[in-house]
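Trainee: Provided below: query_35.txt, containing compact mmCIF, C-alpha atoms.
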```
# COMPACT_ATOMS: atom_id res chain seq x y z
CA MET X 745 129.79 25.05 88.76
CA ILE X 746 127.30 27.29 90.50
CA GLY X 747 124.59 25.51 92.43
CA GLY X 748 120.89 25.97 91.90
CA GLY X 749 120.30 28.12 94.98
CA ALA X 750 123.54 30.08 95.01
CA ASP X 751 121.82 33.45 94.87
CA ALA X 752 118.65 32.58 96.75
CA ALA X 753 119.29 35.27 99.35
CA VAL X 754 119.22 38.01 96.71
CA PRO X 755 115.79 39.62 96.23
CA ALA X 756 114.24 38.44 92.97
CA LYS X 757 114.14 41.73 91.16
CA GLN X 758 117.58 42.81 92.37
CA GLY X 759 118.90 39.42 91.26
CA TRP X 760 118.06 39.96 87.58
CA LEU X 761 117.22 43.63 87.05
CA SER X 762 120.81 44.91 87.12
CA GLY X 763 121.82 42.34 84.50
CA ALA X 764 118.74 43.14 82.43
CA THR X 765 119.59 46.85 82.60
CA LEU X 766 123.13 46.22 81.38
CA LEU X 767 122.09 43.89 78.57
CA GLY X 768 119.07 46.01 77.66
CA GLY X 769 121.04 49.26 77.65
CA GLY X 770 123.71 47.78 75.43
CA ARG X 771 121.15 46.26 73.10
CA ALA X 772 119.22 49.56 72.93
CA VAL X 773 122.34 51.26 71.55
CA THR X 774 122.98 48.47 69.04
CA LEU X 775 119.33 48.61 67.95
CA VAL X 776 119.75 52.30 67.13
CA LEU X 777 122.79 51.31 65.07
CA GLN X 778 120.81 48.52 63.40
CA ALA X 779 118.05 51.00 62.59
CA ALA X 780 120.71 53.09 60.87
CA GLN X 781 121.81 49.94 59.02
CA LEU X 782 118.25 49.35 57.86
CA ALA X 783 117.99 52.95 56.64
CA LEU X 784 121.30 52.61 54.79
CA VAL X 785 120.31 49.33 53.09
CA ALA X 786 116.86 50.72 52.18
CA ARG X 787 118.57 53.62 50.42
CA LEU X 788 121.25 51.46 48.84
CA LEU X 789 118.66 49.16 47.22
CA ASN X 790 115.50 49.97 45.27
CA PRO X 791 112.15 48.65 46.66
CA THR X 792 112.24 45.38 44.68
CA GLU X 793 115.87 44.75 45.63
CA PHE X 794 115.11 45.58 49.26
CA GLY X 795 112.22 43.13 49.20
CA THR X 796 114.61 40.49 47.87
CA TRP X 797 117.03 41.27 50.70
CA ALA X 798 114.19 41.15 53.26
CA ALA X 799 113.08 37.72 52.01
CA ALA X 800 116.67 36.45 52.24
CA THR X 801 117.03 37.94 55.73
CA ALA X 802 113.84 36.16 56.86
CA LEU X 803 115.22 32.85 55.58
CA VAL X 804 118.59 33.39 57.26
CA LEU X 805 116.96 34.30 60.58
CA VAL X 806 114.91 31.10 60.43
CA ALA X 807 118.17 29.24 59.75
CA SER X 808 119.74 30.97 62.76
CA ALA X 809 116.92 29.74 65.00
CA LEU X 810 117.32 26.23 63.59
CA ALA X 811 121.10 26.39 64.08
CA ASP X 812 120.58 27.44 67.68
CA CYS X 813 118.60 24.20 68.08
CA GLY X 814 117.59 25.28 71.57
CA LEU X 815 121.25 25.33 72.60
CA GLY X 816 121.23 28.92 73.93
CA PRO X 817 119.13 28.45 77.07
CA THR X 818 119.80 24.70 77.21
CA ALA X 819 123.56 25.28 77.39
CA VAL X 820 123.03 27.60 80.37
CA ILE X 821 121.04 24.85 82.14
CA TYR X 822 123.56 22.18 81.07
CA LEU X 823 126.64 24.10 82.27
CA THR X 824 125.00 25.27 85.51
CA SER X 825 123.98 21.73 86.49
CA GLY X 826 127.41 20.30 85.59
CA GLU X 827 125.87 17.79 83.15
CA GLY X 828 128.37 18.60 80.40
CA THR X 829 131.30 20.72 79.26
CA LEU X 830 131.81 23.71 77.00
CA ASP X 831 133.43 21.40 74.43
CA ASP X 832 130.12 19.53 74.23
CA VAL X 833 128.35 22.81 73.51
CA VAL X 834 130.86 23.70 70.75
CA ALA X 835 130.43 20.31 69.06
CA ALA X 836 126.63 20.40 69.27
CA ASN X 837 126.54 23.98 67.94
CA THR X 838 128.77 23.06 64.97
CA VAL X 839 126.63 20.09 63.93
CA ALA X 840 123.38 22.07 64.21
CA MET X 841 124.86 25.04 62.31
CA ILE X 842 126.02 22.93 59.35
CA CYS X 843 122.63 21.25 59.04
CA ALA X 844 120.76 24.57 59.21
CA VAL X 845 122.97 26.27 56.59
CA ILE X 846 122.44 23.41 54.13
CA LEU X 847 118.69 23.46 54.75
CA VAL X 848 118.20 27.22 54.30
CA CYS X 849 120.36 27.40 51.16
CA ALA X 850 118.26 24.62 49.63
CA ALA X 851 115.01 26.32 50.71
CA SER X 852 116.07 29.65 49.19
CA LEU X 853 116.01 28.10 45.72
CA GLY X 854 112.21 27.99 45.93
CA PHE X 855 112.08 31.81 45.97
CA GLY X 856 114.03 32.32 42.75
CA SER X 857 117.62 33.03 41.87
CA ALA X 858 117.69 36.59 43.25
CA VAL X 859 116.63 35.51 46.75
CA ALA X 860 118.97 32.49 46.59
CA ILE X 861 121.95 34.74 45.77
CA ALA X 862 121.02 37.19 48.54
CA THR X 863 120.72 34.27 50.98
CA LEU X 864 124.16 32.99 50.00
CA SER X 865 125.62 36.47 50.52
CA LEU X 866 124.26 36.51 54.09
CA THR X 867 125.40 32.95 54.91
CA PRO X 868 128.94 33.96 56.06
CA TRP X 869 127.35 36.38 58.54
CA LEU X 870 125.10 33.57 59.77
CA VAL X 871 128.01 31.16 60.26
CA ILE X 872 130.23 33.68 62.07
CA THR X 873 127.35 34.76 64.30
CA ARG X 874 126.54 31.16 65.21
CA LEU X 875 130.19 30.47 66.10
CA GLN X 876 129.74 32.97 68.94
CA ALA X 877 126.89 31.02 70.52
CA PRO X 878 128.87 28.70 72.89
CA SER X 879 130.92 31.60 74.25
CA VAL X 880 127.83 33.77 74.75
CA ALA X 881 126.10 30.91 76.61
CA ALA X 882 129.14 30.44 78.86
CA LEU X 883 129.39 34.16 79.60
CA GLN X 884 125.66 34.31 80.34
CA GLN X 885 125.85 31.26 82.62
CA ARG X 886 128.65 32.93 84.60
CA LEU X 887 126.79 36.29 84.56
CA HIS X 888 129.82 37.90 82.84
CA LEU X 889 127.57 40.15 80.81
CA LYS X 890 129.82 43.16 80.07
CA ARG X 891 131.87 41.21 77.54
CA ILE X 892 128.70 40.28 75.64
CA VAL X 893 127.60 43.92 75.57
CA VAL X 894 130.99 45.24 74.43
CA GLY X 895 131.25 42.67 71.62
CA ASP X 896 127.76 43.49 70.41
CA LEU X 897 128.40 47.24 70.44
CA VAL X 898 131.76 47.09 68.68
CA GLY X 899 130.65 44.60 66.02
CA THR X 900 127.45 46.48 65.22
CA SER X 901 129.26 49.83 65.10
CA LEU X 902 131.70 48.45 62.55
CA GLN X 903 128.88 47.03 60.41
CA THR X 904 127.12 50.40 60.42
CA ALA X 905 130.28 52.29 59.47
CA LEU X 906 131.02 49.86 56.64
CA LEU X 907 127.46 50.13 55.28
CA ALA X 908 127.67 53.92 55.37
CA GLY X 909 130.91 53.74 53.39
CA LEU X 910 129.28 51.32 50.97
CA LEU X 911 126.35 53.69 50.37
CA ALA X 912 128.80 56.48 49.58
CA ALA X 913 130.99 54.34 47.31
CA ALA X 914 128.51 51.96 45.64
CA GLY X 915 127.65 54.37 42.85
CA SER X 916 126.02 52.61 39.91
CA SER X 917 127.15 49.09 40.79
CA GLY X 918 124.72 46.31 39.91
CA GLN X 919 122.17 44.62 42.14
CA LEU X 920 124.26 41.48 42.61
CA ALA X 921 127.34 43.45 43.64
CA ARG X 922 125.37 45.52 46.16
CA MET X 923 123.78 42.41 47.71
CA ILE X 924 127.15 40.72 48.11
CA LEU X 925 128.79 43.82 49.56
CA VAL X 926 126.03 44.19 52.17
CA GLY X 927 126.70 40.60 53.25
CA VAL X 928 130.45 41.30 53.43
CA CYS X 929 129.88 44.34 55.68
CA LEU X 930 127.75 42.31 58.09
CA ALA X 931 130.23 39.42 58.12
CA LEU X 932 133.20 41.67 58.93
CA GLY X 933 131.39 43.16 61.91
CA ALA X 934 130.51 39.66 63.13
CA VAL X 935 134.20 38.64 62.91
CA VAL X 936 135.21 41.50 65.23
CA GLU X 937 132.44 40.61 67.69
CA LEU X 938 133.58 36.98 67.66
CA ARG X 939 137.14 38.03 68.52
CA ILE X 940 135.84 39.91 71.57
CA VAL X 941 133.44 37.35 73.06
CA ASN X 942 135.14 34.10 72.09
CA LEU X 943 136.12 31.76 74.94
CA THR X 944 136.27 28.49 73.03
CA ARG X 945 137.73 26.67 70.07
CA LEU X 946 135.90 27.53 66.87
CA ALA X 947 135.72 23.88 65.80
CA PRO X 948 135.08 20.79 67.93
CA THR X 949 138.01 18.57 68.83
CA PRO X 950 138.09 14.90 67.72
CA SER X 951 137.93 13.81 71.35
CA SER X 952 134.80 15.90 72.06
CA LEU X 953 133.11 14.35 69.02
CA ARG X 954 134.08 10.82 70.13
CA ASP X 955 132.83 11.34 73.69
CA ARG X 956 129.36 12.08 72.27
CA GLY X 957 128.43 14.53 75.01
CA TRP X 958 127.20 16.73 72.15
CA VAL X 959 124.68 14.02 71.22
CA ARG X 960 123.23 14.07 74.73
CA LEU X 961 123.07 17.86 74.63
CA LEU X 962 121.29 17.89 71.28
CA ARG X 963 118.78 15.33 72.55
CA PHE X 964 118.25 17.43 75.65
CA SER X 965 117.68 20.56 73.57
CA ALA X 966 115.77 18.94 70.68
CA SER X 967 112.27 19.94 71.72
CA LEU X 968 113.35 23.51 72.46
CA GLY X 969 115.18 23.64 69.13
CA VAL X 970 112.01 22.66 67.28
CA VAL X 971 110.06 25.24 69.29
CA ASN X 972 112.55 28.00 68.46
CA GLY X 973 112.69 27.08 64.78
CA ALA X 974 108.90 26.94 64.49
CA SER X 975 108.59 30.18 66.47
CA MET X 976 111.00 31.99 64.17
CA LEU X 977 109.20 30.61 61.11
CA HIS X 978 105.93 31.75 62.70
CA SER X 979 107.31 35.29 62.98
CA LYS X 980 108.54 35.27 59.36
CA VAL X 981 105.80 33.34 57.54
CA ASP X 982 103.88 36.58 56.91
CA GLN X 983 106.89 38.09 55.13
CA LEU X 984 107.58 34.96 53.13
CA ALA X 985 103.90 34.75 52.16
CA LEU X 986 103.97 38.38 50.96
CA ALA X 987 107.00 37.61 48.80
CA LEU X 988 105.23 34.61 47.26
CA LEU X 989 101.66 35.95 46.95
CA VAL X 990 102.04 39.65 46.20
CA SER X 991 105.42 41.17 45.34
CA ARG X 992 108.81 41.76 46.84
CA ALA X 993 108.20 45.52 46.53
CA THR X 994 105.15 45.21 48.82
CA LEU X 995 107.21 43.10 51.20
CA GLY X 996 109.79 45.89 51.32
CA GLY X 997 107.32 48.30 52.96
CA TYR X 998 106.07 45.65 55.38
CA ALA X 999 109.64 44.64 56.25
CA VAL X 1000 110.55 48.24 57.15
CA ALA X 1001 107.63 48.37 59.59
CA TYR X 1002 108.24 44.91 61.02
CA ARG X 1003 111.92 45.61 61.68
CA VAL X 1004 110.85 48.12 64.34
CA VAL X 1005 108.74 45.43 66.02
CA ASP X 1006 111.61 42.96 65.65
CA ALA X 1007 113.97 45.45 67.29
CA SER X 1008 111.65 45.86 70.27
CA LEU X 1009 111.32 42.11 70.70
CA THR X 1010 115.07 41.60 70.39
CA LEU X 1011 115.64 44.19 73.10
CA ALA X 1012 113.29 42.35 75.46
CA SER X 1013 114.76 38.96 74.57
CA VAL X 1014 118.38 40.00 75.13
CA ALA X 1015 117.65 41.93 78.33
CA SER X 1016 115.72 38.97 79.77
CA ARG X 1017 118.76 36.65 79.53
CA ALA X 1018 119.79 37.78 82.99
CA GLY X 1019 116.38 36.85 84.39
CA PHE X 1020 116.56 33.43 82.76
CA THR X 1021 119.99 32.79 84.28
CA VAL X 1022 118.72 33.74 87.74
CA LEU X 1023 115.76 31.38 87.29
CA VAL X 1024 118.07 28.52 86.36
CA ARG X 1025 120.42 29.20 89.29
CA ARG X 1026 117.54 28.93 91.78
CA ALA X 1027 115.95 25.71 92.97
CA ALA X 1028 112.72 24.91 91.13
CA ASP X 1029 110.54 25.56 94.18
CA GLU X 1030 112.17 28.99 94.73
CA ARG X 1031 111.37 30.49 91.32
CA SER X 1032 107.88 31.87 91.95
CA GLU X 1033 109.05 35.32 93.02
CA VAL X 1034 111.43 35.67 90.06
CA ARG X 1035 108.76 34.39 87.67
CA ARG X 1036 106.16 36.87 88.90
CA SER X 1037 108.68 39.72 88.80
CA LEU X 1038 109.73 38.88 85.24
CA ILE X 1039 106.21 38.64 83.85
CA LEU X 1040 104.90 41.81 85.53
CA THR X 1041 107.98 43.86 84.65
CA TRP X 1042 108.00 42.82 80.99
CA ALA X 1043 104.24 43.42 80.74
CA ALA X 1044 104.80 47.02 81.89
CA VAL X 1045 107.83 47.50 79.63
CA GLY X 1046 105.95 45.99 76.68
CA ALA X 1047 102.93 48.27 77.21
CA LEU X 1048 105.21 51.31 77.28
CA GLY X 1049 106.96 50.05 74.15
CA THR X 1050 103.67 49.64 72.30
CA ILE X 1051 102.64 53.22 73.13
CA CYS X 1052 106.01 54.60 72.04
CA VAL X 1053 106.00 52.66 68.77
CA TRP X 1054 102.44 53.76 67.90
CA PHE X 1055 103.14 57.47 68.45
CA ALA X 1056 106.63 57.36 66.89
CA ALA X 1057 105.51 55.60 63.68
CA PRO X 1058 105.14 58.81 61.57
CA VAL X 1059 108.71 59.80 62.50
CA LEU X 1060 110.37 56.37 62.44
CA MET X 1061 109.15 55.15 59.07
CA PRO X 1062 110.44 58.09 56.95
CA LEU X 1063 113.75 57.89 58.81
CA LEU X 1064 114.16 54.15 58.22
CA GLY X 1065 112.69 53.62 54.78
CA GLY X 1066 112.60 57.06 53.24
CA SER X 1067 109.72 58.19 51.05
CA ALA X 1068 109.49 54.90 49.11
CA TYR X 1069 107.28 53.18 51.72
CA PRO X 1070 104.36 55.49 52.67
CA ALA X 1071 102.12 52.59 53.76
CA SER X 1072 104.61 51.49 56.43
CA ILE X 1073 103.31 54.04 58.98
CA GLY X 1074 99.87 52.43 59.13
CA LEU X 1075 101.39 48.96 59.12
CA LEU X 1076 103.63 49.76 62.08
CA ARG X 1077 100.69 51.10 64.08
CA LEU X 1078 98.74 47.93 63.31
CA LEU X 1079 101.69 45.81 64.46
CA ALA X 1080 102.50 47.90 67.56
CA PRO X 1081 100.49 45.80 70.11
CA ILE X 1082 102.76 42.84 69.30
CA VAL X 1083 105.53 44.58 71.27
CA MET X 1084 103.59 44.12 74.54
CA ILE X 1085 102.14 40.73 73.61
CA ALA X 1086 105.48 39.17 72.74
CA ALA X 1087 107.25 40.70 75.77
CA ILE X 1088 104.79 38.92 78.08
CA ASN X 1089 105.05 35.75 76.00
CA ASN X 1090 108.84 35.88 76.26
CA ALA X 1091 108.88 36.16 80.07
CA ALA X 1092 106.30 33.39 80.55
CA ALA X 1093 108.08 31.05 78.12
CA GLN X 1094 111.42 31.49 79.87
CA SER X 1095 109.77 30.39 83.10
CA VAL X 1096 108.53 27.22 81.41
CA ILE X 1097 111.97 26.57 79.87
CA ALA X 1098 113.78 27.02 83.21
CA ASP X 1099 111.53 24.30 84.64
CA ARG X 1100 112.76 22.00 81.81
CA ASN X 1101 109.26 21.80 80.37
CA SER X 1102 110.04 23.27 76.95
CA HIS X 1103 108.33 20.29 75.30
CA ARG X 1104 105.04 21.75 76.55
CA LEU X 1105 105.65 24.82 74.39
CA LEU X 1106 105.88 22.78 71.20
CA TRP X 1107 102.18 22.33 70.61
CA VAL X 1108 101.55 26.04 71.33
CA THR X 1109 104.14 27.03 68.71
CA LEU X 1110 102.87 24.59 66.11
CA VAL X 1111 99.28 25.79 66.59
CA GLY X 1112 100.44 29.41 66.19
CA LEU X 1113 102.51 28.63 63.10
CA THR X 1114 99.68 26.73 61.42
CA LEU X 1115 97.09 29.38 62.21
CA ASN X 1116 99.39 32.19 61.05
CA ALA X 1117 100.06 30.45 57.73
CA VAL X 1118 96.33 29.81 57.16
CA LEU X 1119 95.39 33.40 57.98
CA CYS X 1120 98.20 34.81 55.82
CA PHE X 1121 97.20 32.79 52.78
CA ALA X 1122 93.55 33.73 53.35
CA LEU X 1123 94.01 37.46 54.01
CA ILE X 1124 97.05 38.56 51.99
CA PRO X 1125 95.51 37.95 48.53
CA ARG X 1126 92.52 40.07 49.61
CA ILE X 1127 94.03 42.97 51.57
CA GLY X 1128 97.78 42.68 51.02
CA ALA X 1129 100.22 43.69 53.72
CA ASP X 1130 97.42 44.63 56.14
CA GLY X 1131 96.32 41.00 56.03
CA ALA X 1132 99.81 39.87 57.05
CA ALA X 1133 99.77 42.27 60.01
CA ILE X 1134 96.31 41.16 61.15
CA ALA X 1135 97.29 37.48 60.92
CA CYS X 1136 100.41 38.11 62.97
CA LEU X 1137 98.51 40.11 65.60
CA ILE X 1138 95.85 37.40 66.05
CA THR X 1139 98.30 34.51 66.36
CA GLU X 1140 100.70 36.35 68.69
CA SER X 1141 97.78 37.16 71.02
CA LEU X 1142 96.65 33.54 71.09
CA GLY X 1143 100.21 32.34 71.73
CA MET X 1144 100.65 34.72 74.66
CA LEU X 1145 97.48 33.47 76.36
CA LEU X 1146 98.44 29.82 75.91
CA VAL X 1147 102.01 30.27 77.19
CA LEU X 1148 100.81 32.26 80.20
CA ASP X 1149 98.42 29.41 80.97
CA LEU X 1150 101.34 26.94 80.85
CA ALA X 1151 103.39 29.06 83.26
CA ILE X 1152 100.49 29.46 85.70
CA ARG X 1153 99.54 25.78 85.62
CA ALA X 1154 103.17 24.75 86.18
CA ARG X 1155 103.23 26.84 89.36
CA GLU X 1156 99.94 25.35 90.51
CA ARG X 1157 101.18 21.79 89.89
CA ARG X 1158 104.26 22.40 92.05
CA ALA X 1159 102.14 23.91 94.81
CA ALA X 1160 99.82 20.88 94.77
CA SER X 1161 102.61 18.28 94.73
CA GLY X 1162 104.84 20.04 97.25
CA HIS X 1163 107.97 19.47 95.13
CA PRO X 1164 109.30 20.44 91.70
CA PRO X 1165 108.11 18.34 88.73
CA ALA X 1166 110.38 15.87 86.96
CA ALA X 1167 112.33 17.74 84.29
CA ALA X 1168 112.05 17.06 80.64
CA ASN X 1169 112.25 28.76 74.12
CA SER X 1170 109.81 29.72 72.28
CA LEU X 1171 111.11 33.00 73.33
CA GLY X 1172 108.09 34.46 71.86
CA SER X 1173 108.51 35.75 68.35
CA SER X 1174 111.94 37.11 68.80
CA PRO X 1175 114.89 35.40 67.30
CA THR X 1176 118.20 34.66 68.93
CA GLY X 1177 118.89 38.15 69.78
CA ARG X 1178 120.36 39.03 66.47
```
Could you quickly redo this structure as structure tokens?
Mentor:
Amino acid sequence: MIGGGADAAVPAKQGWLSGATLLGGGRAVTLVLQAAQLALVARLLNPTEFGTWAAATALVLVASALADCGLGPTAVIYLTSGEGTLDDVVAANTVAMICAVILVCAASLGFGSAVAIATLSLTPWLVITRLQAPSVAALQQRLHLKRIVVGDLVGTSLQTALLAGLLAAAGSSGQLARMILVGVCLALGAVVELRIVNLTRLAPTPSSLRDRGWVRLLRFSASLGVVNGASMLHSKVDQLALALLVSRATLGGYAVAYRVVDASLTLASVASRAGFTVLVRRAADERSEVRRSLILTWAAVGALGTICVWFAAPVLMPLLGGSAYPASIGLLRLLAPIVMIAAINNAAAQSVIADRNSHRLLWVTLVGLTLNAVLCFALIPRIGADGAAIACLITESLGMLLVLDLAIRARERRAASGHPPAAANSLGSSPTGR
């Protein structure tokens, strides 16, 4: 395994920027393809059906964060330190995935039969995507990033081509058939991506289950798993509240706008994996330069992203959603500052996680989730989708300030003590990179 200070001689920015450029460039291309997917699905479904699909997608993304259970970044730490094996990661991932799938399928019943069916149609995609997680963690830990990028590009390209064919061939098929076929297209693309990135067995071996290394790994990642699950729920509670309090048609317009924000956050989250790996590979008292470089760089990138999103809104929204969602332009402009806010939050949170202090992020995430839910249920009945955007903007801003404070105080504590603290993702509001 690679030691903590193996790349200490490499300048901080050089140590992670090339990896971030590779991951970010690849993800930028796949995000364009995913934007095309969104446009295809928005045209394949009517506004009410698209709102149903958006509600199901929000539930499945929450399930994906729960299934990750903090194992993404934790596995990188675990493998780098030599505290466990890849078989342990496979076993832990399988147990967490099964629990999350059962939970989200049960939760979908509370939104009615249409959302439950749409959620079930997306479940195969969720399972296949989660099976990739141990291999992606291993490739990230070894800084073998090209394979991750190629798998992502090929899988997403296939999904987009299949959805385009579906739009051409769907004709007058019913709502249920269209929902199921969308899920099939996404699942097939995920299968191809899995074939490219996979390094491991797809199921745990009996011996790896008996050795119970996966139990230690899940305990190690538990606090981060709760943080990631709560963070994903925080980022989706506005959409779920719209589906419950207003209508799925209104949610459709909001979902079109928010997918642009989601895409920006996913780009930052995926590109920053290289920076996180460099942080983990350095000794705790050698991370200050990398930490400062990450936060300042992502603040600048986030500010540029916010400006681009604001000015591009009148062009992006008709391209993505068509003429059925005229209010989405104003909603996207209202949400645009979240691109910068969450990019800074993401960089600061990764610093805290690399120091094995993810438990300190838990209270920040729970405060943000609670406040977001309260604001959504207070504002949405009065001003609709604008209320959801305002609630999200307020809580993301508060979360960024609190996480930055944690990162700064952690650095000050190390400086005062003269040695790294004893070890114990909210990666902002972005999900697991999907």
Trainee: For each of X:Ile940, X:Leu853, X:Met923, X:Leu767, take the minimum atom-to-atom distance to Val893 (chain X), counting all atoms listed in the file, then give the residue where this is smallest.
Mentor: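 Counting all atoms listed in the file, the residue closest to Val893 (chain X) is X:Leu767.
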Trainee: With distances taken over only C-alpha atoms, which residue among X:Thr774, X:Ser825, X:Ser808, X:Ser1095 lies nearest Ser1032 (chain X)?
Mentor: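 Ranking X:Thr774, X:Ser825, X:Ser808, X:Ser1095 by distance to Ser1032 (chain X), first place goes to X:Ser1095.
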Trainee: Sort by chain and increasing residue number a table of all residues of region 922-960 of chain X within 7 Å of region 834-843 of chain X, each with its closest pair of atoms and their distance in Å to one decimal, counting only C-alpha atoms, and write it as a Markdown table.
Mentor:
```
| residue | atom | partner | partner_atom | distance |
| --- | --- | --- | --- | --- |
| X:Ala947 | CA | X:Val834 | CA | 6.9 |
| X:Pro948 | CA | X:Ala835 | CA | 4.8 |
| X:Ser952 | CA | X:Ala835 | CA | 6.9 |
| X:Leu953 | CA | X:Ala835 | CA | 6.5 |
| X:Trp958 | CA | X:Ala836 | CA | 4.7 |
| X:Val959 | CA | X:Ala836 | CA | 7.0 |
```
Trainee: Could you pull the residues within 6 Å of Asn942 (chain X), counting only C-alpha atoms, minus those fewer than 3 positions along the same chain, as a short mmCIF file (atom, residue, chain, number, x, y, z; two decimals) with C-alpha atoms, in the frame of the given file?
Mentor:
```cif
data_model
loop_
_atom_site.label_atom_id
_atom_site.label_comp_id
_atom_site.auth_asym_id
_atom_site.auth_seq_id
_atom_site.Cartn_x
_atom_site.Cartn_y
_atom_site.Cartn_z
CA SER X 879 130.92 31.60 74.25
CA LEU X 938 133.58 36.98 67.66
CA ARG X 939 137.14 38.03 68.52
#
```
Trainee: So which one's closest to Val1022 (chain X), X:Ala913, X:Leu887, X:Leu1060, X:Val880? Using all atoms listed in the file, please.
Mentor: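 Going through X:Ala913, X:Leu887, X:Leu1060, X:Val880 one by one, the smallest distance to Val1022 (chain X) is for X:Leu887.
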Trainee: Report the distance between CA of Arg960 (chain X) and CA of Gly828 (chain X) in Å, rounded to one decimal place.
Mentor: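 Those two atoms sit 8.9 Å apart.
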Trainee: With all atoms listed in the file as the counted atoms, please give the residues lying no more than 9 Å from Leu1146 (chain X), apart from itself and same-chain residues fewer than 4 positions off, as a list in words.
Mentor: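 So, after excluding close chain neighbours, the residues are Asn1089, Leu1105, Val1108, Ser1141, Leu1142, Leu1150 and Ala1151 of chain X.
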Trainee: Keeping only C-alpha atoms, write the selected residues to a file as a short mmCIF file (atom, residue, chain, number, x, y, z; two decimals), in the frame of the given file.
Mentor:
```cif
data_model
loop_
_atom_site.label_atom_id
_atom_site.label_comp_id
_atom_site.auth_asym_id
_atom_site.auth_seq_id
_atom_site.Cartn_x
_atom_site.Cartn_y
_atom_site.Cartn_z
CA ASN X 1089 105.05 35.75 76.00
CA LEU X 1105 105.65 24.82 74.39
CA VAL X 1108 101.55 26.04 71.33
CA SER X 1141 97.78 37.16 71.02
CA LEU X 1142 96.65 33.54 71.09
CA LEU X 1150 101.34 26.94 80.85
CA ALA X 1151 103.39 29.06 83.26
#
```
